[in-house]
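J.: Following this message is one structure expressed as C-alpha coordinates.
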Amino acid sequence: MIRNGGRYRVVLVTCASIAEARRIGRAVVEKKLAACANIVTGIESIFRWKRKVERAREVLVIMKTSGTQLRELEREVNRLHSYEVPEFIVLPIVAGSKEYLQWISDSVH
(Lines give C-alpha, C1' and ligand atoms only; values in the text may rest on other atoms or scores of the structure.)
Protein backbone atom coordinates (compact mmCIF):
# COMPACT_ATOMS: atom_id res chain seq x y z
CA MET A 1 0.00 0.00 0.00
CA ILE A 2 1.21 3.47 -0.82
CA ARG A 3 0.16 6.97 0.11
CA ASN A 4 -0.61 8.96 -2.99
CA GLY A 5 -0.59 12.58 -1.89
CA GLY A 6 -4.33 12.94 -2.45
CA ARG A 7 -4.19 12.63 -6.24
CA TYR A 8 -7.13 10.22 -6.42
CA ARG A 9 -10.74 10.61 -5.32
CA VAL A 10 -13.93 8.69 -4.66
CA VAL A 11 -17.04 10.52 -5.85
CA LEU A 12 -20.54 9.72 -4.56
CA VAL A 13 -23.62 10.46 -6.67
CA THR A 14 -27.17 9.35 -5.89
CA CYS A 15 -29.60 8.80 -8.78
CA ALA A 16 -33.35 8.40 -9.12
CA SER A 17 -33.15 5.07 -10.95
CA ILE A 18 -30.88 2.24 -11.98
CA ALA A 19 -31.21 3.38 -15.61
CA GLU A 20 -29.98 6.87 -14.73
CA ALA A 21 -27.10 5.46 -12.65
CA ARG A 22 -26.05 3.19 -15.52
CA ARG A 23 -26.29 6.01 -18.07
CA ILE A 24 -24.13 8.32 -15.95
CA GLY A 25 -21.67 5.58 -14.98
CA ARG A 26 -21.15 4.44 -18.56
CA ALA A 27 -20.78 7.99 -19.89
CA VAL A 28 -18.13 9.05 -17.38
CA VAL A 29 -16.10 5.87 -17.83
CA GLU A 30 -16.31 6.09 -21.64
CA LYS A 31 -15.13 9.72 -21.50
CA LYS A 32 -12.26 8.73 -19.16
CA LEU A 33 -13.58 11.01 -16.42
CA ALA A 34 -13.74 8.06 -14.01
CA ALA A 35 -11.88 4.75 -13.95
CA CYS A 36 -14.96 2.90 -12.78
CA ALA A 37 -18.47 3.43 -11.50
CA ASN A 38 -19.89 1.01 -8.92
CA ILE A 39 -23.69 0.99 -8.74
CA VAL A 40 -25.36 0.20 -5.42
CA THR A 41 -29.12 -0.38 -5.44
CA GLY A 42 -31.55 -0.37 -2.54
CA ILE A 43 -30.55 2.96 -1.01
CA GLU A 44 -33.23 4.68 1.06
CA SER A 45 -32.59 8.38 1.57
CA ILE A 46 -34.23 10.75 4.03
CA PHE A 47 -33.48 14.39 3.34
CA ARG A 48 -34.76 17.93 3.62
CA TRP A 49 -35.87 19.46 0.32
CA LYS A 50 -37.77 22.72 -0.12
CA ARG A 51 -38.60 22.93 3.60
CA LYS A 52 -40.02 19.42 3.81
CA VAL A 53 -38.54 16.15 5.00
CA GLU A 54 -38.65 13.71 2.10
CA ARG A 55 -37.93 10.03 1.63
CA ALA A 56 -36.88 8.37 -1.62
CA ARG A 57 -35.45 5.15 -2.97
CA GLU A 58 -32.24 5.92 -4.77
CA VAL A 59 -29.28 4.27 -6.46
CA LEU A 60 -25.76 5.20 -5.38
CA VAL A 61 -22.93 5.51 -7.90
CA ILE A 62 -19.42 5.31 -6.45
CA MET A 63 -16.80 6.58 -8.90
CA LYS A 64 -13.01 6.45 -8.70
CA THR A 65 -11.10 9.22 -10.45
CA SER A 66 -8.17 11.60 -10.22
CA GLY A 67 -8.28 15.11 -8.81
CA THR A 68 -7.54 16.55 -12.24
CA GLN A 69 -10.78 15.13 -13.65
CA LEU A 70 -13.13 16.42 -10.94
CA ARG A 71 -14.33 19.62 -12.61
CA GLU A 72 -15.19 17.91 -15.90
CA LEU A 73 -16.68 14.90 -14.07
CA GLU A 74 -19.00 17.19 -12.13
CA ARG A 75 -20.04 18.97 -15.34
CA GLU A 76 -20.89 15.66 -16.99
CA VAL A 77 -22.84 14.39 -13.98
CA ASN A 78 -24.82 17.64 -13.85
CA ARG A 79 -25.49 17.47 -17.60
CA LEU A 80 -26.87 13.91 -17.44
CA HIS A 81 -28.61 14.00 -14.05
CA SER A 82 -32.36 14.41 -13.55
CA TYR A 83 -32.15 16.12 -10.15
CA GLU A 84 -32.29 19.88 -9.77
CA VAL A 85 -29.35 19.61 -7.33
CA PRO A 86 -27.48 16.32 -7.84
CA GLU A 87 -25.36 14.94 -5.05
CA PHE A 88 -21.67 15.24 -5.92
CA ILE A 89 -19.54 14.41 -2.87
CA VAL A 90 -15.77 14.02 -3.22
CA LEU A 91 -13.67 12.01 -0.78
CA PRO A 92 -9.88 11.76 -0.95
CA ILE A 93 -8.20 8.39 -1.37
CA VAL A 94 -5.36 8.71 1.09
CA ALA A 95 -3.71 5.38 0.27
CA GLY A 96 -4.19 2.25 -1.80
CA SER A 97 -2.35 -0.52 -3.56
CA LYS A 98 0.22 0.77 -5.99
CA GLU A 99 -1.26 -1.29 -8.81
CA TYR A 100 -4.84 -0.11 -8.22
CA LEU A 101 -3.87 3.54 -8.02
CA GLN A 102 -1.84 3.15 -11.20
CA TRP A 103 -4.89 1.58 -12.86
CA ILE A 104 -7.00 4.62 -11.91
CA SER A 105 -4.34 6.90 -13.35
CA ASP A 106 -4.05 4.91 -16.58
CA SER A 107 -7.84 4.77 -16.96
CA VAL A 108 -8.53 8.50 -16.69
CA HIS A 109 -5.61 9.94 -18.66
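Simple scheme: letters A, B, ... for chains in C-alpha coordinates order, numbers from 1 for residues in each chain, numbers from 1 for ligands in the order shown.
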Can you tell me which residues surround region 36-41 of chain A at a distance of at most 10 Å, considering only C-alpha atoms, apart from same-chain residues fewer than 3 positions away, and format the answer as a ChimeraX atom specification?
T.: /A:10-15,17-18,21-22,24-30,32-33,44,57-65,104,107-108
J.: From the options A:Arg23, A:Ala56, A:Arg9, A:Glu72, which residue's atoms come nearest to Ala35 (chain A), counting only C-alpha atoms?
T.: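 For Ala35 (chain A), the nearest of the candidates is A:Arg9.
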J.: Check the smallest atom-to-atom distance from each of A:Trp49, A:Tyr8, A:Tyr83, A:Phe88 to Leu101 (chain A) using only C-alpha atoms, then report the winner.
T.: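 Ranking A:Trp49, A:Tyr8, A:Tyr83, A:Phe88 by distance to Leu101 (chain A), first place goes to A:Tyr8.
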J.: Using Å and a single decimal, report how far CA of Lys31 (chain A) sits from CA of Glu74 (chain A).
T.: 12.6 Å
J.: Have a look at A:His81, A:Lys52, A:Arg7, A:Arg71 and name the one nearest to Ala19 (chain A); count only C-alpha atoms.
T.: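 Under the stated criterion, the closest residue is A:His81.
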J.: To one decimal place in Å, what is the distance between CA of Ala34 (chain A) and CA of Leu73 (chain A)?
T.: 7.4 Å
J.: At what distance in Å, to one decimal, does CA of Leu91 (chain A) lie from CA of Glu76 (chain A)?
T.: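 These two atoms are separated by 18.1 Å.
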J.: As a VMD selection string, which residues of chain A does DSSP assign to alpha helix (DSSP H)?
T.: chain A and resid 18 to 30 70 to 80 98 to 108
